[in-house]
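**Student:** Below you will find the structure I want to go over with you.
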Amino acid sequence: MSTAELAKMANKIRQRDLRAVFEAGAGHVGGEMSVIDLLTVLYFKILQIDPKRPTDPLRDRFVLSKGHSALALYITLSEKGFFPPSNIGTFLQHHSALNGHPNRVKVPGIETNTGPLGHGLPIAAGMATAAKLNEETWRTFVITGDGEMQEGSNWEAIMYSAQANLDNLTLIIDHNRLQQGSRLSETVNIAPLAQKLESFGWATEEIDGHNYEEIETALSLAKVIPNQPKCIIAHTHKGHGISFMSDEVAWHHKVPSEEQYLKALAELKEAAK
C-alpha cells in the first residue's frame, strides 16, 4: 500500500470502529483511535502473515497488550482477510466471538488473549525467545499503552529481553499521555520513556504515531540493531481524527450519543476526501 492507501484504510477502520461502538453501546473508542494508524501499517506493510494460513509456524507474531482496544484489531484483521468484515456487526453481542478483549481460541489472527495489563510484553518476549531457540527469522511485535507501562511485569520483561539479546522483538508504546480516569502525568508519570528503555539496554526511537512513513521506517527490518530489542515510542492522540474526542480523557470508554456519532462520522468522511 502507498501512504495514501494506508490513510484511506485507516480512515475506513476508524469509521467502522466508531459505528461498532455506537451500535454496541460500549467500547474503548479513544484508545482505539490512537492505535489504528499503527495497526494499519503493521498489517498492511510490515507483518509477514497470510490470512489463509493464520497458524503458519513461520509467521510474524503481533500481540495487542492493550487488549481493551480489541475492536480496532478485529476490524483490521477483517480488512486483512482473516474473517468477513460483516462479523464486526456482532461485536459484544451474546455468544459473539468478538468480545471486549481478544481471544485467540475464538478469533483467527489473534496470537494470545490479553486484557489484564502488563501481560502482553512478557508473552511476546517468550515468543521471540522461541524463534531464537529454533533459529527462525520471524519477528514479534507488541503494542502497549503508556499507562500500561506502569505495570512491573513489563519491566521484568524489558530486563530479560535485553539480557537475551532479543533483536527480533519490537515494543511499540502507544504514548497518548492519557489513561483511564486521568492523565499519565497525574497518575504515575513514567515519561520520558526512551531514556528508561535505553538504560535497560534497548534500542529506542520516538516517532509521530500518526505518520505512516515514520511508522513504516521505524518498524522496518533495516532499523533493527543486532542483539538489541527495539522500542518505538509512538506519540499519538487519544480520539485521533475526531475533534471533540482528541486528547480528552473522558473518551477512554465513553460511548457517543447519536448527535456525537453523526458529528464524528461526518468529520471522518470529510477527512477521507
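Going through the C-alpha cells in order, the chains are called A, B, and so on, while each chain numbers its residues from 1 and the ligands are numbered from 1 in the order shown.
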Env of His119 in chain A: 8 Å cut, atoms = only C-alpha atoms, seq-sep filter 3 positions within chain, self excluded. Answer as a list in words.
**Tutor:**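 Answer for this query is Ser65, Thr114, Pro116, Pro122, Ile123, Ser153 and Asn154 of chain A.
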**Student:** Please identify all polymer residues within 10 Å of Ser34 in chain A, counting only C-alpha atoms, omitting same-chain residues fewer than 6 positions from it, and present them as a compact mmCIF listing (two decimals) with N, CA and C atoms, in the first residue's frame.
**Tutor:**
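Result file follows (selection-v3.txt):
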# COMPACT_ATOMS: atom_id res chain seq x y z
N ARG A 14 -11.38 3.51 11.15
CA ARG A 14 -11.91 4.44 12.15
C ARG A 14 -13.42 4.57 12.05
N SER A 69 -8.46 -2.30 23.46
CA SER A 69 -8.61 -1.72 22.11
C SER A 69 -8.85 -2.82 21.07
N ALA A 72 -10.48 -2.28 17.40
CA ALA A 72 -9.62 -1.78 16.31
C ALA A 72 -8.86 -2.93 15.66
N GLY A 145 -0.10 0.23 25.98
CA GLY A 145 -0.44 1.61 26.28
C GLY A 145 0.64 2.22 27.15
N ASP A 174 2.08 3.01 22.73
CA ASP A 174 1.08 3.97 22.27
C ASP A 174 1.04 5.11 23.30
N HIS A 175 1.86 6.12 23.04
CA HIS A 175 2.08 7.18 24.03
C HIS A 175 1.11 8.33 23.80
N ASN A 176 -0.17 8.11 24.22
CA ASN A 176 -1.19 9.16 24.05
C ASN A 176 -1.36 10.01 25.31
N GLY A 209 3.15 8.83 15.88
CA GLY A 209 2.38 7.60 15.72
C GLY A 209 1.22 7.71 14.77
N HIS A 210 1.05 8.86 14.13
CA HIS A 210 0.02 9.02 13.11
C HIS A 210 0.63 9.33 11.74
N ALA A 234 5.62 5.78 20.21
CA ALA A 234 4.77 6.40 19.20
C ALA A 234 3.92 7.48 19.85
N HIS A 235 4.21 8.73 19.56
CA HIS A 235 3.45 9.85 20.13
C HIS A 235 2.12 9.96 19.37
N THR A 236 1.04 9.72 20.08
CA THR A 236 -0.30 9.65 19.48
C THR A 236 -1.27 10.54 20.24
N HIS A 237 -2.51 10.56 19.75
CA HIS A 237 -3.57 11.32 20.40
C HIS A 237 -4.78 10.42 20.61
N LYS A 238 -5.21 10.32 21.83
CA LYS A 238 -6.44 9.59 22.11
C LYS A 238 -7.59 10.26 21.36
N GLY A 239 -8.42 9.46 20.70
CA GLY A 239 -9.52 10.02 19.92
C GLY A 239 -9.08 10.66 18.62
N HIS A 240 -7.90 10.30 18.12
CA HIS A 240 -7.35 10.95 16.93
C HIS A 240 -8.30 10.86 15.74
N GLY A 241 -8.44 11.97 15.04
CA GLY A 241 -9.29 12.02 13.86
C GLY A 241 -10.66 12.60 14.12
N SER A 246 -10.37 14.16 20.62
CA SER A 246 -8.91 14.20 20.64
C SER A 246 -8.37 14.74 21.96
N ASP A 247 -7.50 13.94 22.60
CA ASP A 247 -6.83 14.30 23.85
C ASP A 247 -7.78 14.54 25.00
**Student:** Rounded to one decimal in Å, what is the spacing between CA of Ile225 in chain A and CA of Glu156 in chain A?
**Tutor:**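 Atom-to-atom, CA of Ile225 in chain A and CA of Glu156 in chain A are spaced 21.2 Å apart.
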**Student:** Would you list the contacts of Glu148 in chain A as a VMD selection string, taking every protein, DNA or RNA residue within 8 Å and counting only C-alpha atoms, but skipping same-chain residues closer than 3 positions in sequence?
**Tutor:** chain A and resid 66 117 to 118 144 to 145 151
**Student:** Selected residues, all heavy atoms, written as a PDB file, in the first residue's frame, please.
**Tutor:**
ATOM      1  N   LYS A  66      -2.570  -3.887  25.018  1.00  0.00           N
ATOM      2  CA  LYS A  66      -3.683  -3.046  25.494  1.00  0.00           C
ATOM      3  C   LYS A  66      -4.968  -3.623  24.895  1.00  0.00           C
ATOM      4  O   LYS A  66      -5.577  -3.078  23.972  1.00  0.00           O
ATOM      5  CB  LYS A  66      -3.468  -1.571  25.141  1.00  0.00           C
ATOM      6  CG  LYS A  66      -3.057  -1.259  23.725  1.00  0.00           C
ATOM      7  CD  LYS A  66      -3.023   0.235  23.457  1.00  0.00           C
ATOM      8  CE  LYS A  66      -4.392   0.819  23.336  1.00  0.00           C
ATOM      9  NZ  LYS A  66      -4.427   2.265  23.043  1.00  0.00           N
ATOM     10  N   LEU A 117      -3.632  -5.786  32.071  1.00  0.00           N
ATOM     11  CA  LEU A 117      -2.496  -5.049  31.534  1.00  0.00           C
ATOM     12  C   LEU A 117      -1.169  -5.542  32.109  1.00  0.00           C
ATOM     13  O   LEU A 117      -1.091  -6.000  33.243  1.00  0.00           O
ATOM     14  CB  LEU A 117      -2.686  -3.561  31.808  1.00  0.00           C
ATOM     15  CG  LEU A 117      -3.937  -2.957  31.164  1.00  0.00           C
ATOM     16  CD1 LEU A 117      -4.112  -1.499  31.572  1.00  0.00           C
ATOM     17  CD2 LEU A 117      -3.881  -3.088  29.646  1.00  0.00           C
ATOM     18  N   GLY A 118      -0.137  -5.448  31.280  1.00  0.00           N
ATOM     19  CA  GLY A 118       1.192  -5.878  31.688  1.00  0.00           C
ATOM     20  C   GLY A 118       1.531  -7.302  31.310  1.00  0.00           C
ATOM     21  O   GLY A 118       2.599  -7.793  31.663  1.00  0.00           O
ATOM     22  N   THR A 144       1.759  -1.757  23.602  1.00  0.00           N
ATOM     23  CA  THR A 144       1.246  -1.496  24.946  1.00  0.00           C
ATOM     24  C   THR A 144       0.739  -0.055  24.995  1.00  0.00           C
ATOM     25  O   THR A 144       1.113   0.785  24.178  1.00  0.00           O
ATOM     26  CB  THR A 144       2.330  -1.650  26.027  1.00  0.00           C
ATOM     27  OG1 THR A 144       3.294  -0.597  25.881  1.00  0.00           O
ATOM     28  CG2 THR A 144       3.026  -3.000  25.936  1.00  0.00           C
ATOM     29  N   GLY A 145      -0.097   0.234  25.981  1.00  0.00           N
ATOM     30  CA  GLY A 145      -0.441   1.609  26.279  1.00  0.00           C
ATOM     31  C   GLY A 145       0.639   2.221  27.146  1.00  0.00           C
ATOM     32  O   GLY A 145       1.425   1.504  27.778  1.00  0.00           O
ATOM     33  N   GLU A 151       3.003  -1.011  34.860  1.00  0.00           N
ATOM     34  CA  GLU A 151       2.973  -2.376  35.412  1.00  0.00           C
ATOM     35  C   GLU A 151       4.392  -2.943  35.542  1.00  0.00           C
ATOM     36  O   GLU A 151       5.174  -2.927  34.584  1.00  0.00           O
ATOM     37  CB  GLU A 151       2.145  -3.290  34.507  1.00  0.00           C
ATOM     38  CG  GLU A 151       0.686  -2.887  34.365  1.00  0.00           C
ATOM     39  CD  GLU A 151      -0.140  -3.258  35.584  1.00  0.00           C
ATOM     40  OE1 GLU A 151       0.377  -3.965  36.469  1.00  0.00           O
ATOM     41  OE2 GLU A 151      -1.304  -2.848  35.646  1.00  0.00           O
TER      42      GLU A 151
END
**Student:** Hey, what does DSSP flag as strand (DSSP E) within range 32-232 of chain A? Can you give it to me as a ChimeraX atom specification?
**Tutor:** /A:61-64,140-145,169-175,178-179,182-183,203-208,230-232
**Student:** Write a file of the just-selected residues containing N, CA and C atoms, as a short mmCIF file (atom, residue, chain, number, x, y, z; two decimals), in the first residue's frame.
**Tutor:**
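Okay, this is what ended up in again.cif:
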data_model
loop_
_atom_site.label_atom_id
_atom_site.label_comp_id
_atom_site.auth_asym_id
_atom_site.auth_seq_id
_atom_site.Cartn_x
_atom_site.Cartn_y
_atom_site.Cartn_z
N ARG A 61 4.58 -12.57 14.56
CA ARG A 61 3.57 -12.51 15.63
C ARG A 61 3.30 -11.06 16.03
N PHE A 62 2.04 -10.78 16.33
CA PHE A 62 1.66 -9.48 16.87
C PHE A 62 0.78 -9.68 18.09
N VAL A 63 1.10 -8.96 19.17
CA VAL A 63 0.35 -9.02 20.42
C VAL A 63 -0.17 -7.62 20.75
N LEU A 64 -1.48 -7.50 20.88
CA LEU A 64 -2.08 -6.24 21.35
C LEU A 64 -2.21 -6.34 22.86
N THR A 140 8.54 -10.63 16.28
CA THR A 140 7.43 -10.43 17.21
C THR A 140 7.28 -8.95 17.52
N PHE A 141 6.04 -8.46 17.42
CA PHE A 141 5.71 -7.07 17.70
C PHE A 141 4.64 -7.03 18.79
N VAL A 142 4.72 -6.03 19.65
CA VAL A 142 3.71 -5.89 20.70
C VAL A 142 3.41 -4.40 20.90
N ILE A 143 2.13 -4.07 21.06
CA ILE A 143 1.73 -2.70 21.39
C ILE A 143 1.20 -2.67 22.81
N THR A 144 1.76 -1.76 23.60
CA THR A 144 1.25 -1.50 24.95
C THR A 144 0.74 -0.06 24.99
N GLY A 145 -0.10 0.23 25.98
CA GLY A 145 -0.44 1.61 26.28
C GLY A 145 0.64 2.22 27.15
N LEU A 169 12.47 -8.71 18.62
CA LEU A 169 11.33 -8.23 19.39
C LEU A 169 11.22 -6.71 19.26
N THR A 170 10.03 -6.22 18.91
CA THR A 170 9.78 -4.78 18.83
C THR A 170 8.60 -4.42 19.72
N LEU A 171 8.83 -3.53 20.66
CA LEU A 171 7.79 -2.99 21.52
C LEU A 171 7.39 -1.63 20.99
N ILE A 172 6.09 -1.43 20.79
CA ILE A 172 5.56 -0.13 20.38
C ILE A 172 4.70 0.39 21.54
N ILE A 173 5.06 1.54 22.07
CA ILE A 173 4.29 2.14 23.16
C ILE A 173 3.37 3.20 22.58
N ASP A 174 2.08 3.01 22.73
CA ASP A 174 1.08 3.97 22.27
C ASP A 174 1.04 5.11 23.30
N HIS A 175 1.86 6.12 23.04
CA HIS A 175 2.08 7.18 24.03
C HIS A 175 1.11 8.33 23.80
N LEU A 178 -2.69 9.64 28.10
CA LEU A 178 -3.92 9.53 28.88
C LEU A 178 -4.15 8.08 29.28
N GLN A 179 -4.78 7.87 30.41
CA GLN A 179 -5.19 6.53 30.82
C GLN A 179 -6.58 6.64 31.44
N SER A 182 -7.59 9.68 34.08
CA SER A 182 -6.72 10.84 34.27
C SER A 182 -5.57 10.82 33.27
N ARG A 183 -4.75 11.85 33.37
CA ARG A 183 -3.55 11.92 32.53
C ARG A 183 -2.43 11.09 33.15
N ALA A 203 17.35 -0.55 22.17
CA ALA A 203 17.42 0.50 21.16
C ALA A 203 16.06 1.20 21.13
N THR A 204 16.04 2.51 21.09
CA THR A 204 14.78 3.23 21.15
C THR A 204 14.67 4.24 20.01
N GLU A 205 13.45 4.59 19.68
CA GLU A 205 13.17 5.58 18.65
C GLU A 205 11.83 6.22 18.96
N GLU A 206 11.74 7.54 18.83
CA GLU A 206 10.49 8.25 19.04
C GLU A 206 9.95 8.74 17.71
N ILE A 207 8.65 8.50 17.47
CA ILE A 207 8.05 8.85 16.19
C ILE A 207 6.68 9.49 16.41
N ASP A 208 6.17 10.09 15.34
CA ASP A 208 4.78 10.52 15.28
C ASP A 208 3.95 9.28 14.95
N LYS A 230 14.00 -3.68 20.31
CA LYS A 230 13.69 -2.33 19.83
C LYS A 230 12.42 -1.82 20.50
N CYS A 231 12.45 -0.56 20.95
CA CYS A 231 11.25 0.10 21.48
C CYS A 231 10.98 1.34 20.67
N ILE A 232 9.76 1.44 20.15
CA ILE A 232 9.31 2.62 19.42
C ILE A 232 8.30 3.34 20.30
#
**Student:** Give the helix (DSSP H, G or I) residues of range 51-119 of chain A, as assigned by DSSP on the backbone, as a list in words.
**Tutor:** Gly67, His68, Ser69, Ala70, Leu71, Ala72, Leu73, Tyr74, Ile75, Thr76, Leu77, Ser78, Glu79, Lys80, Pro85, Ser86, Asn87, Ile88, Gly89 and Thr90 of chain A
**Student:** Check the smallest atom-to-atom distance from each of A:Ala131, A:Ile110, A:Leu121, A:Val21 to Leu92 in chain A using only C-alpha atoms, then report the winner.
**Tutor:**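 Counting only C-alpha atoms, the residue closest to Leu92 in chain A is A:Val21.
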**Student:** Work out how far CA of Gln195 in chain A is from CA of Ala164 in chain A, in Å to one decimal.
**Tutor:**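 For CA of Ala164 in chain A relative to CA of Gln195 in chain A, the distance reads 19.9 Å.
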**Student:** Go through A:Lys254, A:Gly126, A:Met33, A:Leu47 and flag the residue nearest Ala157 in chain A, using only C-alpha atoms for the distances.
**Tutor:**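 Selected residue with least distance to Ala157 in chain A: A:Gly126.
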**Student:** What does the structure give for the distance between CA of Ala128 in chain A and CA of Ala222 in chain A, in Å to one decimal?
**Tutor:**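 Those two atoms sit 18.0 Å apart.
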**Student:** Can you pull out the residues contacting Ala7 in chain A? Cut-off 9 Å, using only C-alpha atoms, and skip same-chain residues under 3 positions away; I want them as a list in words.
**Tutor:**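 Surrounding residues, per the criterion: Ser2, Thr3, Ala4, Ala10, Asn11, Lys12, Asp37, Thr40, Tyr212 and Ala272 of chain A.
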**Student:** Name the closest residue to Trp138 in chain A among the candidates A:Arg59, A:Arg177, A:His28, A:His94; distances are taken between atoms, counting only C-alpha atoms.
**Tutor:**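 Nearest to Trp138 in chain A: A:Arg59.
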**Student:** Which is closer to Thr129 in chain A than all the others in A:Ala162, A:Val105, A:Ile242, A:Ala26, using only C-alpha atoms?
**Tutor:**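 Among the listed residues, A:Ala162 lies closest to Thr129 in chain A.
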**Student:** Taking only C-alpha atoms into account, which of A:Ser243, A:Phe44, A:Thr187, A:Gly30 comes nearest Lys8 in chain A?
**Tutor:**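 Closest to Lys8 in chain A of all the choices is A:Phe44.
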**Student:** Taking 6 positions as the minimum chain separation for residues in the same chain, which residues sit within 10 Å of Pro226 in chain A when counting only C-alpha atoms? Answer as number ranges by chain.
**Tutor:** A: 165-168, 203
**Student:** Considering only C-alpha atoms, state which residue in the set A:Glu270, A:Glu216, A:Glu32, A:Glu111 is at the smallest distance from Ile46 in chain A.
**Tutor:** A:Glu216
**Student:** Which residues come within 9 Å of Ile49 in chain A, counting only C-alpha atoms, excluding same-chain residues fewer than 3 positions away, as a PyMOL selection string?
**Tutor:** chain A and resi 43+52-54+56+58-61
**Student:** Which residues are close to Gln260 in chain A, i.e. within 12 Å by only C-alpha atoms, leaving aside same-chain residues fewer than 6 positions away? Reply as a list of chain:residue names.
**Tutor:**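 The residues that qualify are A:Leu18, A:Arg19, A:Phe22, A:Ile242, A:Ser243, A:Phe244, A:Met245, A:Trp251, A:Lys254, A:Ala266, A:Glu267.
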